[in-house]
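Novice: Enclosed is the structure file run27.cif (mmCIF, C-alpha atoms).
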data_entry
#
loop_
_atom_site.label_atom_id
_atom_site.label_comp_id
_atom_site.auth_asym_id
_atom_site.auth_seq_id
_atom_site.Cartn_x
_atom_site.Cartn_y
_atom_site.Cartn_z
CA MET A 1 -2.77 129.45 69.57
CA PRO A 2 -0.64 126.97 67.56
CA ALA A 3 -2.43 124.38 65.45
CA LYS A 4 -2.77 120.99 66.97
CA LYS A 5 -0.31 118.58 65.47
CA SER A 6 -1.52 115.23 64.16
CA LYS A 7 -0.24 112.19 65.94
CA LYS A 8 0.22 110.47 62.57
CA GLY A 9 2.50 113.17 61.27
CA PRO A 10 2.44 114.62 57.73
CA THR A 11 0.83 112.49 55.03
CA LYS A 12 2.69 112.06 51.75
CA GLY A 13 0.55 112.48 48.67
CA SER A 14 0.77 110.48 45.44
CA GLY A 15 1.59 113.54 43.36
CA GLY A 16 -1.11 112.59 40.89
CA LYS A 17 0.42 109.20 40.12
CA GLY A 18 -2.77 107.40 41.12
CA LYS A 19 -4.96 109.45 38.81
CA ARG A 20 -4.96 106.87 36.03
CA SER A 21 -6.25 104.18 38.38
CA LEU A 22 -9.36 106.30 39.00
CA GLU A 23 -10.16 106.66 35.31
CA GLY A 24 -12.83 104.47 33.77
CA LYS A 25 -11.83 101.34 31.91
CA LYS A 26 -12.01 101.42 28.13
CA GLY A 27 -14.14 98.98 26.18
CA THR A 28 -12.73 95.48 25.92
CA LEU A 29 -12.59 93.24 22.88
CA PRO A 30 -15.13 90.41 22.59
CA ALA A 31 -13.76 87.07 23.69
CA GLU A 32 -13.68 85.63 20.19
CA GLU A 33 -11.37 88.43 19.04
CA ARG A 34 -8.72 87.87 21.71
CA HIS A 35 -5.51 85.99 20.94
CA TRP A 36 -6.14 83.23 23.51
CA TYR A 37 -9.72 82.42 22.51
CA SER A 38 -9.16 79.72 19.86
CA GLU A 39 -6.60 77.86 22.00
CA LYS A 40 -8.90 77.94 25.03
CA SER A 41 -11.82 76.66 22.94
CA ARG A 42 -9.67 73.84 21.59
CA ARG A 43 -8.61 72.80 25.10
CA SER A 44 -12.20 72.95 26.33
CA THR A 45 -13.30 70.70 23.47
CA LYS A 46 -10.58 68.19 24.28
CA ASN A 47 -11.46 68.18 27.98
CA ALA A 48 -15.13 67.72 27.19
CA ALA A 49 -14.33 64.77 24.94
CA LYS A 50 -12.23 63.12 27.67
CA SER A 51 -14.82 63.52 30.46
CA PRO A 52 -17.58 60.84 30.72
CA ALA A 53 -20.88 62.03 29.32
CA LYS A 54 -24.17 61.47 31.17
CA ASN A 55 -26.19 61.13 27.98
CA PRO A 56 -25.04 58.25 25.70
CA ALA A 57 -26.37 60.02 22.63
CA LYS A 58 -24.35 63.11 23.42
CA SER A 59 -21.32 60.95 24.19
CA SER A 60 -21.44 59.26 20.81
CA ALA A 61 -21.81 62.62 19.12
CA LYS A 62 -18.70 63.91 20.86
CA GLN A 63 -16.69 60.84 19.88
CA ALA A 64 -17.62 61.07 16.21
CA PRO A 65 -14.77 61.98 13.83
CA THR A 66 -14.27 65.70 13.59
CA GLY A 67 -14.52 65.66 9.83
CA ALA A 68 -17.73 63.61 9.68
CA ALA A 69 -20.81 65.35 8.32
CA LYS A 70 -24.19 65.17 9.99
CA PRO A 71 -26.78 62.81 8.44
CA GLY A 72 -28.57 64.52 5.62
CA ALA A 73 -26.13 67.42 5.52
CA PRO A 74 -24.64 68.40 2.14
CA THR A 75 -21.08 67.28 1.55
CA ALA A 76 -18.55 70.09 1.25
CA PRO A 77 -16.57 70.21 -2.00
CA PRO A 78 -13.06 68.74 -1.71
CA ARG A 79 -11.31 72.10 -2.10
CA ALA A 80 -13.44 74.29 0.18
CA ALA A 81 -10.56 75.11 2.53
CA ALA A 82 -11.92 77.97 4.57
CA ALA A 83 -15.14 76.35 5.79
CA GLU A 84 -14.32 72.71 6.38
CA PRO A 85 -16.53 71.29 9.19
CA GLY A 86 -14.59 70.20 12.25
CA ALA A 87 -11.44 72.03 11.21
CA ARG A 88 -9.27 73.73 13.79
CA GLY A 89 -9.30 77.52 13.73
CA GLY A 90 -6.41 79.94 13.99
CA THR A 91 -6.39 83.41 15.48
CA PRO A 92 -7.83 86.47 13.72
CA ASP A 93 -5.43 89.09 12.33
CA LEU A 94 -5.76 92.82 11.85
CA LEU A 95 -4.53 94.17 8.52
CA VAL A 96 -3.81 97.92 8.66
CA GLY A 97 -3.00 100.63 6.14
CA ARG A 98 -4.97 101.92 3.16
CA ASN A 99 -3.07 100.16 0.39
CA PRO A 100 -2.78 96.73 2.13
CA VAL A 101 -6.45 96.76 3.13
CA LEU A 102 -7.60 97.74 -0.35
CA GLU A 103 -5.43 95.05 -1.97
CA ALA A 104 -6.79 92.42 0.40
CA LEU A 105 -10.40 93.38 -0.32
CA ARG A 106 -9.77 93.35 -4.06
CA ALA A 107 -8.27 89.84 -3.78
CA GLY A 108 -11.18 88.56 -1.69
CA LEU A 109 -9.31 87.91 1.57
CA PRO A 110 -11.75 86.22 4.01
CA ALA A 111 -12.59 88.96 6.50
CA LYS A 112 -15.09 89.85 9.19
CA ARG A 113 -15.26 93.64 9.48
CA LEU A 114 -13.74 96.87 8.23
CA PHE A 115 -12.79 99.63 10.67
CA LEU A 116 -12.89 103.26 9.51
CA ALA A 117 -11.59 106.10 11.70
CA ASN A 118 -13.73 109.19 12.20
CA SER A 119 -13.17 112.32 10.09
CA LEU A 120 -10.96 110.75 7.43
CA ASP A 121 -9.69 112.88 4.58
CA GLN A 122 -11.11 112.38 1.11
CA ASP A 123 -9.32 109.42 -0.46
CA GLN A 124 -10.45 107.21 -3.32
CA ARG A 125 -8.90 104.20 -1.60
CA ILE A 126 -11.16 104.60 1.42
CA THR A 127 -14.24 104.95 -0.77
CA GLU A 128 -13.37 101.83 -2.74
CA ALA A 129 -12.51 99.86 0.41
CA ALA A 130 -15.88 100.70 1.97
CA ARG A 131 -17.69 99.75 -1.24
CA LEU A 132 -15.86 96.42 -1.58
CA ALA A 133 -16.51 95.60 2.08
CA GLY A 134 -20.19 96.33 1.64
CA ASP A 135 -20.39 94.23 -1.52
CA ALA A 136 -18.75 91.34 0.34
CA GLY A 137 -21.26 91.60 3.20
CA LEU A 138 -18.68 92.68 5.77
CA GLU A 139 -19.55 94.81 8.77
CA VAL A 140 -18.27 98.37 8.32
CA ARG A 141 -17.66 100.02 11.68
CA GLU A 142 -16.74 103.67 12.25
CA VAL A 143 -14.50 104.15 15.29
CA SER A 144 -12.26 106.81 16.77
CA ARG A 145 -8.55 106.85 16.06
CA THR A 146 -7.94 106.09 19.72
CA GLU A 147 -10.06 102.97 19.47
CA LEU A 148 -8.22 101.92 16.32
CA ASP A 149 -4.88 102.47 18.06
CA ARG A 150 -6.06 100.25 20.92
CA ARG A 151 -7.11 97.49 18.57
CA CYS A 152 -3.70 97.59 16.90
CA ASP A 153 -2.05 97.34 20.33
CA SER A 154 -4.18 94.33 21.29
CA GLN A 155 -3.25 92.57 18.04
CA GLY A 156 0.50 92.95 18.65
CA GLN A 157 0.95 95.98 16.40
CA PRO A 158 1.64 98.87 18.80
CA GLY A 159 2.09 102.18 17.04
CA ALA A 160 1.03 100.75 13.68
CA ALA A 161 0.48 103.31 10.90
CA HIS A 162 -3.10 102.27 10.21
CA GLN A 163 -3.96 105.52 8.34
CA GLY A 164 -7.47 105.29 9.73
CA LEU A 165 -8.24 101.97 8.01
CA ALA A 166 -8.05 98.40 9.32
CA LEU A 167 -9.47 95.05 8.23
CA GLN A 168 -10.17 92.24 10.67
CA THR A 169 -9.68 88.91 8.93
CA ARG A 170 -11.39 85.68 9.82
CA PRO A 171 -9.40 82.93 11.57
CA TYR A 172 -8.25 80.35 9.04
CA ARG A 173 -9.92 77.00 9.59
CA TYR A 174 -7.44 74.18 9.18
CA TRP A 175 -8.37 70.75 7.85
CA ASN A 176 -7.75 67.58 9.78
CA PRO A 177 -4.98 65.51 8.12
CA GLU A 178 -7.24 62.47 7.65
CA ASP A 179 -9.91 64.57 5.95
CA LEU A 180 -7.30 66.10 3.67
CA LEU A 181 -6.19 62.67 2.46
CA ASP A 182 -9.81 61.55 1.98
CA ALA A 183 -10.57 64.68 -0.07
CA ALA A 184 -7.41 64.13 -2.17
CA ARG A 185 -8.50 60.56 -2.90
CA SER A 186 -11.99 61.69 -3.89
CA THR A 187 -10.55 64.23 -6.29
CA ALA A 188 -8.11 61.62 -7.62
CA GLU A 189 -11.01 59.28 -8.43
CA GLU A 190 -12.66 62.00 -10.47
CA THR A 191 -9.56 63.23 -12.30
CA GLY A 192 -7.44 60.08 -12.47
CA VAL A 193 -4.46 61.95 -10.96
CA PRO A 194 -2.96 60.29 -7.84
CA PRO A 195 -3.08 62.27 -4.58
CA LEU A 196 -0.28 64.80 -4.16
CA ILE A 197 0.21 66.61 -0.85
CA VAL A 198 3.02 68.99 0.15
CA ALA A 199 4.21 68.82 3.77
CA LEU A 200 6.39 71.46 5.41
CA ASP A 201 8.69 70.41 8.24
CA GLY A 202 9.30 73.37 10.55
CA VAL A 203 9.05 76.16 7.95
CA THR A 204 8.70 79.28 10.08
CA ASP A 205 8.57 82.01 7.42
CA PRO A 206 4.93 82.73 6.46
CA HIS A 207 6.09 84.10 3.10
CA ASN A 208 7.60 80.69 2.31
CA LEU A 209 4.31 79.06 3.29
CA GLY A 210 2.40 81.35 0.95
CA ALA A 211 4.87 80.77 -1.90
CA VAL A 212 4.62 76.98 -1.46
CA ALA A 213 0.82 77.25 -1.51
CA ARG A 214 0.96 79.19 -4.77
CA SER A 215 3.21 76.56 -6.39
CA ALA A 216 1.09 73.72 -5.01
CA ALA A 217 -2.07 75.19 -6.52
CA ALA A 218 -0.32 75.87 -9.84
CA PHE A 219 0.88 72.26 -10.20
CA GLY A 220 -2.32 70.56 -9.06
CA ALA A 221 -1.42 69.49 -5.53
CA HIS A 222 -4.39 68.57 -3.38
CA GLY A 223 -3.32 70.41 -0.23
CA LEU A 224 -0.67 71.33 2.32
CA LEU A 225 0.27 69.67 5.59
CA ILE A 226 2.00 71.72 8.29
CA PRO A 227 2.91 71.08 11.94
CA GLU A 228 0.77 72.65 14.62
CA ARG A 229 3.76 73.94 16.60
CA ARG A 230 7.02 75.71 15.74
CA ALA A 231 5.91 76.45 12.19
CA ALA A 232 4.32 79.29 10.23
CA GLY A 233 0.55 79.26 10.05
CA VAL A 234 -1.92 80.72 7.59
CA GLY A 235 -2.06 84.45 8.34
CA ILE A 236 -2.10 87.69 6.43
CA ALA A 237 1.53 87.44 5.26
CA ALA A 238 1.09 83.90 3.97
CA TRP A 239 -2.24 84.71 2.36
CA LYS A 240 -0.91 87.73 0.49
CA THR A 241 2.17 85.83 -0.75
CA SER A 242 -0.06 83.02 -2.01
CA ALA A 243 -1.87 85.51 -4.28
CA GLY A 244 -5.20 84.27 -2.95
CA THR A 245 -4.62 80.55 -3.61
CA LEU A 246 -4.97 79.77 0.11
CA ALA A 247 -8.66 80.66 -0.25
CA ARG A 248 -9.18 77.42 -2.21
CA LEU A 249 -6.22 75.20 -1.30
CA PRO A 250 -6.82 73.04 1.82
CA VAL A 251 -4.22 73.28 4.58
CA ALA A 252 -4.15 70.68 7.36
CA GLN A 253 -2.40 70.95 10.71
CA ALA A 254 -0.72 67.91 12.26
CA THR A 255 -0.21 67.70 16.01
CA ASN A 256 2.67 65.33 15.31
CA LEU A 257 3.99 65.48 11.74
CA THR A 258 5.95 62.22 11.97
CA ARG A 259 2.94 60.29 13.26
CA THR A 260 0.72 61.77 10.55
CA LEU A 261 3.19 60.82 7.80
CA ASN A 262 3.34 57.26 9.17
CA GLY A 263 -0.45 57.20 9.10
CA TYR A 264 -0.41 58.29 5.46
CA LYS A 265 2.11 55.54 4.65
CA SER A 266 -0.18 52.94 6.23
CA GLU A 267 -2.85 54.14 3.80
CA GLY A 268 -0.61 53.42 0.81
CA VAL A 269 0.84 56.90 0.29
CA PHE A 270 4.56 57.28 -0.39
CA VAL A 271 6.55 59.95 1.44
CA ALA A 272 9.52 61.63 -0.26
CA GLY A 273 11.70 64.23 1.44
CA LEU A 274 13.71 66.99 -0.24
CA ASP A 275 17.29 67.39 0.94
CA GLY A 276 20.55 68.46 -0.68
CA GLY A 277 22.22 65.31 0.65
CA GLY A 278 19.61 62.90 -0.67
CA GLU A 279 20.68 59.64 -2.26
CA THR A 280 18.27 59.94 -5.22
CA GLU A 281 18.13 62.68 -7.83
CA LEU A 282 14.70 64.24 -8.21
CA ALA A 283 14.46 63.15 -11.85
CA ALA A 284 14.95 59.53 -10.76
CA LEU A 285 12.31 59.56 -8.02
CA ASP A 286 10.45 56.32 -8.75
CA VAL A 287 7.52 57.01 -6.40
CA ALA A 288 6.47 60.17 -8.25
CA ALA A 289 3.75 58.42 -10.26
CA GLY A 290 1.85 57.11 -7.23
CA PRO A 291 0.07 58.71 -4.25
CA LEU A 292 2.73 60.97 -2.81
CA VAL A 293 3.59 63.41 -0.03
CA ILE A 294 6.52 65.71 -0.76
CA VAL A 295 8.22 67.02 2.40
CA ALA A 296 10.27 70.22 2.36
CA GLY A 297 12.42 71.05 5.37
CA SER A 298 12.97 74.27 7.27
CA GLU A 299 15.05 77.14 5.95
CA GLY A 300 18.11 76.49 8.11
CA LYS A 301 18.07 72.91 9.40
CA GLY A 302 16.33 71.08 6.58
CA LEU A 303 14.43 67.90 7.42
CA SER A 304 14.30 66.92 11.08
CA ARG A 305 15.75 63.55 12.02
CA LEU A 306 12.44 61.80 12.73
CA VAL A 307 10.79 63.09 9.56
CA ARG A 308 13.84 62.10 7.51
CA GLU A 309 13.70 58.56 8.91
CA THR A 310 9.98 58.39 8.07
CA CYS A 311 10.50 59.21 4.37
CA ASP A 312 10.52 56.34 1.86
CA GLN A 313 13.05 58.22 -0.26
CA ILE A 314 15.16 61.36 0.06
CA ALA A 315 15.50 63.27 -3.20
CA ARG A 316 18.04 65.94 -4.04
CA ILE A 317 17.79 68.73 -6.59
CA PRO A 318 21.06 69.09 -8.53
CA ILE A 319 22.25 72.69 -8.28
CA SER A 320 25.47 74.61 -8.79
CA GLY A 321 26.54 78.06 -7.69
CA ALA A 322 24.49 77.98 -4.48
CA GLU A 323 24.72 75.95 -1.32
CA SER A 324 20.99 75.23 -1.05
CA LEU A 325 17.50 76.30 -2.09
CA ASN A 326 14.93 77.66 0.28
CA ALA A 327 11.80 75.63 1.03
CA SER A 328 9.46 77.39 -1.39
CA VAL A 329 11.87 77.18 -4.35
CA ALA A 330 12.68 73.53 -3.66
CA ALA A 331 9.00 72.65 -3.37
CA GLY A 332 8.22 74.46 -6.64
CA VAL A 333 10.97 72.63 -8.53
CA ALA A 334 9.87 69.27 -7.10
CA LEU A 335 6.22 69.88 -7.94
CA TYR A 336 7.11 70.80 -11.52
CA GLU A 337 9.19 67.64 -11.98
CA ILE A 338 6.49 65.40 -10.49
CA THR A 339 3.81 66.97 -12.68
CA ARG A 340 6.03 66.60 -15.75
CA ARG A 341 6.68 62.93 -15.06
CA ARG A 342 3.03 62.19 -14.39
CA SER A 343 2.01 63.93 -17.61
CA ALA A 344 4.65 62.02 -19.58
CA SER A 345 3.47 58.68 -18.17
CA THR A 346 -0.06 59.30 -19.49
CA GLN A 347 1.12 59.99 -23.02
CA PRO A 348 0.66 57.24 -25.69
CA GLY A 349 3.60 54.88 -25.84
CA HIS A 350 4.38 55.05 -22.09
#
Once you've parsed the file, please lay out its structure as structure tokens.
Specialist:
Amino acid sequence: MPAKKSKKGPTKGSGGKGKRSLEGKKGTLPAEERHWYSEKSRRSTKNAAKSPAKNPAKSSAKQAPTGAAKPGAPTAPPRAAAAEPGARGGTPDLLVGRNPVLEALRAGLPAKRLFLANSLDQDQRITEAARLAGDAGLEVREVSRTELDRRCDSQGQPGAAHQGLALQTRPYRYWNPEDLLDAARSTAEETGVPPLIVALDGVTDPHNLGAVARSAAAFGAHGLLIPERRAAGVGIAAWKTSAGTLARLPVAQATNLTRTLNGYKSEGVFVAGLDGGGETELAALDVAAGPLVIVAGSEGKGLSRLVRETCDQIARIPISGAESLNASVAAGVALYEITRRRSASTQPGH
């Protein structure tokens, strides 16, 4: 007797394509380690500050300046850049590879935990990295290579050659621009050297940011000021280029660089921009001896129009044989000249 045919007809199978959907989900990263966490926290803080508070005491606490310390709390030293209260945080980075991780640990890069893959081969670099991480009080976590691959993927490094070793750095905590100026003034009162801040207008190369930070620290600048958007931030590349100086040099983020510079000017600080078409030679910059912000423009476009109009003076560096200097070189030359002029003005007979 023939088999009874189904009214629905033959059923087409998936051919195994739906197998992955039946597999269990892998472990997910904690919220604070995801790329969107810091931005979401910042928005939540802003929304909470805008909404009316039921408790007046809580409301006044929310409206207090972000850089203000609590009553009775110890005041942070002016140059403690990585732990400034009220500062805005960036996103954590994952540094991979045995040599880069070991170099970062030797230099004291602020980090959170060290990841070691299972069954690693004997390597002196791994032994030293684990020892340095332990000495620094970092969490040392042993994971599978698959888990390490997944973490690299989630940090925007798919297929990274981690060699079984990865270091999760701490998010850099940016200063508020007002707090940076206050700290510079406090230091100036102690040392007698007027405040000197370096601002970067749209510099997108993190290596340039790190190089500027290194020059700023070498010539006694009190900090850096960078835009919050469309500019390089403090990450692994910038930190490594700075040779560790970003661990002690404050960096502030400005939501609106032009508005922040105008605010500095209202506080008695001069603003001088660097541009090849400036009307004043750097050696003739007459505002160098006072409180000063030096502004270096982006690699391709230079100073933006609004920032240029905000500057009290535009200085040029006389060069020959090249069309222009990049931001880090220009900032280094300007910082040297300003330091030289300030030192000369303090000599007897001046």
Novice: What does the distance between CA of Gln163 in chain A and CA of Arg106 in chain A come to in Å, to one decimal place?
Specialist: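 About the pair CA of Gln163 in chain A and CA of Arg106 in chain A: they are 18.3 Å apart.
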Novice: Just want the 8 Å neighbourhood of Ala232 in chain A, counted on only C-alpha atoms, with same-chain residues fewer than 5 positions away dropped. Output as a PyMOL selection string.
Specialist: chain A and resi 202-206+209
Novice: Using only C-alpha atoms, which of the listed residues (A:Asp201, A:Asp286, A:Glu228, A:Glu281) sits closest to Val307 in chain A?
Specialist: A:Asp201
Novice: As an exercise, work out the distance from CA of Val293 in chain A to CA of Leu200 in chain A in Å and give it to one decimal place.
Specialist: 10.1 Å
Novice: Counting all atoms listed in the file, what is within 9 Å of range 131-144 of chain A, bar same-chain residues fewer than 3 positions away, as a list in words?
Specialist: Leu102, Leu105, Arg106, Gly108, Ala111, Lys112, Arg113, Leu114, Phe115, Leu116, Ala117, Asn118, Ser119, Ile126, Thr127, Glu128, Glu147, Leu148, Asp149 and Gly164 of chain A
Novice: Could you list the residues chosen by the PyMOL selection byres ((chain A and resi 318) around 12) in this structure as a list in words?
Specialist: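 That expression, the PyMOL selection byres ((chain A and resi 318) around 12), corresponds here to Leu274, Asp275, Gly276, Gly277, Gly278, Glu279, Thr280, Glu281, Leu282, Ala283, Ala284, Ala315, Arg316, Ile317, Ile319, Ser320, Gly321, Ala322, Glu323, Ser324, Leu325, Ala330, Val333 and Ala334 of chain A.
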Novice: Rounded to one decimal, what separation in Å do you get between CA of Asp123 in chain A and CA of Arg98 in chain A?
Specialist: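 Separating CA of Asp123 in chain A from CA of Arg98 in chain A is a distance of 9.4 Å.
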Novice: Extract, using all atoms listed in the file, all DNA, RNA and protein residues at most 12 Å from Ala107 in chain A, discarding same-chain residues fewer than 5 positions from it, and format them as a PDB file with C-alpha atoms, in the coordinates of the input.
Specialist:
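What follows is the written file out_9.pdb:
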ATOM      1  CA  PRO A 100      -2.780  96.730   2.130  1.00  0.00           C
ATOM      2  CA  VAL A 101      -6.450  96.760   3.130  1.00  0.00           C
ATOM      3  CA  LEU A 102      -7.600  97.740  -0.350  1.00  0.00           C
ATOM      4  CA  ALA A 129     -12.510  99.860   0.410  1.00  0.00           C
ATOM      5  CA  LEU A 132     -15.860  96.420  -1.580  1.00  0.00           C
ATOM      6  CA  ALA A 133     -16.510  95.600   2.080  1.00  0.00           C
ATOM      7  CA  ALA A 136     -18.750  91.340   0.340  1.00  0.00           C
ATOM      8  CA  TRP A 239      -2.240  84.710   2.360  1.00  0.00           C
ATOM      9  CA  LYS A 240      -0.910  87.730   0.490  1.00  0.00           C
ATOM     10  CA  THR A 241       2.170  85.830  -0.750  1.00  0.00           C
ATOM     11  CA  SER A 242      -0.060  83.020  -2.010  1.00  0.00           C
ATOM     12  CA  ALA A 243      -1.870  85.510  -4.280  1.00  0.00           C
ATOM     13  CA  GLY A 244      -5.200  84.270  -2.950  1.00  0.00           C
ATOM     14  CA  THR A 245      -4.620  80.550  -3.610  1.00  0.00           C
ATOM     15  CA  LEU A 246      -4.970  79.770   0.110  1.00  0.00           C
ATOM     16  CA  ALA A 247      -8.660  80.660  -0.250  1.00  0.00           C
TER      17      ALA A 247
END
